[in-house]
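Notes follow the structure.
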Amino acid sequence: MQVKRPAGRHASVVKYDILTALGAFALSQPKSPQRLVLRFMTLVTARYNWSRNELAVGQREIAKLWTVDERTVKREMAKLRAMGWLVVKKQGVRGRVSEHGLDVDRIYEDTRASWSNVGPDFEHRMKGQEAPPTNVVPLRTGQIAAAPDLSDGNEWSLAKAVLHQEDPAIYTAWIAALTRGDRAGGRLTLTAPSRFHANYVLSHLKPRLLAACRDVDDQISDIVVLS
């Protein structure tokens with residue numbers, strides 16, 4: 001898996017995804033580790049420098065943030081280092097605080113089992129699926145389509161939610177109008193509003209649609225688009 005880094009144009013999304021993964025993981029744990037992860041999330045949110053991968057905070061300040069004593073801070077920070085989530089970048093000397101960094105790869109690995117608890121769109125995004133083809137040109141539309149209704153719970157609705165999250169513009173132009181047809185074993189049939197629309201989707205978007213469908217239902221092996 002290619003781990004996404006909190007940098008560049010999508011940095012804010014990646015940051016929220018990391019915190020969401022940590023939160024989902026915490027909620028799946030017993031009380032003691034749940035509290036540790038909550039403390040870690042609060043410290044990261046309040047004091048971590050994402051662009052420099054740097055956490056440089058003294059034990060007294062952390063104790064105040066966590067509403068605990070410094071002995072507890074020392075113990076909890078040691079646990080986080082033992083887990084591999086925190087890595088010492090520079091040991092504190094002569095009154096200077098230690099500098100830590102986050103091991104994002106380890107955090108992703110340890111929280112992976114909880115991604116599906118957030119939803120298939122989140123799990124798909126966190127798995128770092130390959131980027132879509134760059135030769136897809138969206139139709140110009142007035143506004144972005146709303147996220148799909150998931151109340152029916154079928155595989156195409158869930159896949160559409162994934163696709164909407166990945167690229168709302170492409171979703172609006174080409175995917176929102178596709179409706180679910182028949183399902184025969186691993187083959188899912190979709191219906192497009194026109195032959196041109198169906199041909200374009202098959203030529204440019206089929207791999208993306210199939211990846212999203214397989215992410216929510218790994219029994220799907222093929223997609224057919226009719227008009």
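By convention here, the chains of the structure tokens are called A, B, ... in the order presented, each chain's residues are numbered starting at 1, and ligands are numbered starting at 1 in the order presented.
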
Residues at most 10 Å from Asp222 (chain A), counting only C-alpha atoms, excluding those fewer than 5 positions away in the same chain, as a short mmCIF file (atom, residue, chain, number, x, y, z; two decimals) with all heavy atoms, in the first residue's frame?
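Output saved as result32.cif:
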data_model
loop_
_atom_site.label_atom_id
_atom_site.label_comp_id
_atom_site.auth_asym_id
_atom_site.auth_seq_id
_atom_site.Cartn_x
_atom_site.Cartn_y
_atom_site.Cartn_z
N GLY A 185 -24.55 -13.11 -11.17
CA GLY A 185 -23.29 -13.58 -10.62
C GLY A 185 -22.36 -12.42 -10.35
O GLY A 185 -22.69 -11.51 -9.60
N GLY A 186 -21.20 -12.44 -10.99
CA GLY A 186 -20.23 -11.37 -10.79
C GLY A 186 -20.37 -10.23 -11.77
O GLY A 186 -19.59 -9.28 -11.74
N ARG A 187 -21.35 -10.29 -12.66
CA ARG A 187 -21.53 -9.25 -13.68
C ARG A 187 -22.65 -8.29 -13.28
O ARG A 187 -23.79 -8.70 -13.06
CB ARG A 187 -21.85 -9.87 -15.04
CG ARG A 187 -22.16 -8.84 -16.13
CD ARG A 187 -22.32 -9.49 -17.48
NE ARG A 187 -21.05 -10.03 -17.96
CZ ARG A 187 -20.93 -10.66 -19.14
NH1 ARG A 187 -21.98 -10.81 -19.92
NH2 ARG A 187 -19.75 -11.12 -19.51
N LEU A 188 -22.30 -7.01 -13.19
CA LEU A 188 -23.26 -5.96 -12.84
C LEU A 188 -23.56 -5.14 -14.09
O LEU A 188 -22.63 -4.67 -14.77
CB LEU A 188 -22.69 -5.05 -11.76
CG LEU A 188 -23.53 -3.84 -11.35
CD1 LEU A 188 -24.85 -4.29 -10.72
CD2 LEU A 188 -22.75 -2.95 -10.39
N THR A 189 -24.83 -4.98 -14.41
CA THR A 189 -25.24 -4.20 -15.57
C THR A 189 -25.75 -2.84 -15.13
O THR A 189 -26.58 -2.73 -14.23
CB THR A 189 -26.35 -4.92 -16.36
OG1 THR A 189 -25.85 -6.19 -16.81
CG2 THR A 189 -26.78 -4.10 -17.56
N LYS A 206 -14.48 2.60 -17.05
CA LYS A 206 -14.79 1.24 -16.58
C LYS A 206 -13.83 0.74 -15.50
O LYS A 206 -14.29 0.18 -14.49
CB LYS A 206 -14.83 0.27 -17.75
CG LYS A 206 -15.24 -1.15 -17.32
CD LYS A 206 -15.38 -2.10 -18.49
CE LYS A 206 -15.73 -3.50 -18.00
NZ LYS A 206 -15.92 -4.45 -19.12
N PRO A 207 -12.51 0.91 -15.64
CA PRO A 207 -11.61 0.44 -14.57
C PRO A 207 -11.90 1.09 -13.22
O PRO A 207 -11.85 0.45 -12.18
CB PRO A 207 -10.21 0.81 -15.08
CG PRO A 207 -10.37 0.87 -16.56
CD PRO A 207 -11.74 1.42 -16.79
N LEU A 209 -14.85 2.38 -12.23
CA LEU A 209 -16.12 1.86 -11.73
C LEU A 209 -15.96 0.46 -11.17
O LEU A 209 -16.49 0.13 -10.09
CB LEU A 209 -17.16 1.86 -12.84
CG LEU A 209 -18.05 3.09 -12.97
CD1 LEU A 209 -17.22 4.34 -13.20
CD2 LEU A 209 -19.06 2.91 -14.11
N LEU A 210 -15.21 -0.38 -11.88
CA LEU A 210 -15.02 -1.75 -11.43
C LEU A 210 -14.25 -1.80 -10.12
O LEU A 210 -14.58 -2.59 -9.22
CB LEU A 210 -14.28 -2.55 -12.51
CG LEU A 210 -14.10 -4.05 -12.23
CD1 LEU A 210 -15.45 -4.73 -12.00
CD2 LEU A 210 -13.36 -4.71 -13.39
N ALA A 211 -13.24 -0.94 -9.97
CA ALA A 211 -12.46 -0.90 -8.72
C ALA A 211 -13.34 -0.50 -7.55
O ALA A 211 -13.26 -1.10 -6.46
CB ALA A 211 -11.28 0.07 -8.87
N CYS A 213 -16.63 -0.82 -7.32
CA CYS A 213 -17.60 -1.89 -7.07
C CYS A 213 -16.95 -3.07 -6.34
O CYS A 213 -17.53 -3.63 -5.40
CB CYS A 213 -18.22 -2.38 -8.38
SG CYS A 213 -19.40 -1.22 -9.13
N ARG A 214 -15.76 -3.43 -6.76
CA ARG A 214 -15.05 -4.54 -6.12
C ARG A 214 -14.65 -4.18 -4.69
O ARG A 214 -14.50 -5.07 -3.84
CB ARG A 214 -13.83 -4.94 -6.93
CG ARG A 214 -14.17 -5.70 -8.21
CD ARG A 214 -12.92 -6.17 -8.93
NE ARG A 214 -12.09 -7.00 -8.06
CZ ARG A 214 -12.30 -8.30 -7.83
NH1 ARG A 214 -13.33 -8.91 -8.39
NH2 ARG A 214 -11.49 -8.98 -7.04
#

(Q) Taking only region 36-219 of chain A into account, list the residues labelled strand (DSSP E or B) by DSSP (computed from the backbone), as a list of chain:residue names. (A) A:Asn49, A:Glu54, A:Leu55, A:Leu86, A:Val87, A:Val88, A:Lys89, A:Lys90, A:Glu99, A:His100, A:Gly101, A:Leu102, A:Thr179, A:Arg180, A:Gly181, A:Asp182, A:Arg183, A:Ala184, A:Arg187, A:Leu188, A:Thr189, A:Leu190, A:Thr191

Residue selection dump (C-alpha atoms) as a compact mmCIF listing (two decimals), in the first residue's frame:
# COMPACT_ATOMS: atom_id res chain seq x y z
CA ASN A 49 3.35 20.30 13.01
CA GLU A 54 7.43 17.52 14.36
CA LEU A 55 5.97 17.27 17.83
CA LEU A 86 5.82 8.24 17.96
CA VAL A 87 9.46 8.26 16.90
CA VAL A 88 12.15 10.25 18.70
CA LYS A 89 13.80 12.62 16.21
CA LYS A 90 15.94 14.53 18.70
CA GLU A 99 11.31 16.25 19.32
CA HIS A 100 9.07 13.46 18.08
CA GLY A 101 7.66 12.54 14.70
CA LEU A 102 4.72 10.41 13.64
CA THR A 179 -28.59 3.40 -12.87
CA ARG A 180 -28.35 -0.15 -11.64
CA GLY A 181 -29.74 -2.84 -13.89
CA ASP A 182 -29.41 -6.60 -13.51
CA ARG A 183 -26.87 -8.53 -11.48
CA ALA A 184 -25.93 -11.96 -12.79
CA ARG A 187 -21.53 -9.25 -13.68
CA LEU A 188 -23.26 -5.96 -12.84
CA THR A 189 -25.24 -4.20 -15.57
CA LEU A 190 -25.66 -0.42 -15.52
CA THR A 191 -27.86 1.74 -17.74

Q: Write out as a VMD selection string each polymer residue whose atoms come within 10 Å of Asn199 (chain A), counting only C-alpha atoms; drop sequence neighbours fewer than 5 positions from it.
A: chain A and resid 192 194 204 to 206 225 to 227

Q: Mind the document's chain letters and residue numbers, and return as a PyMOL selection string the residues of region 21-195 of chain A that DSSP labels alpha helix (DSSP H).
A: chain A and resi 21-27+31-47+59-66+70-83+104-111+115-118+120-126+155-166+168-170+195
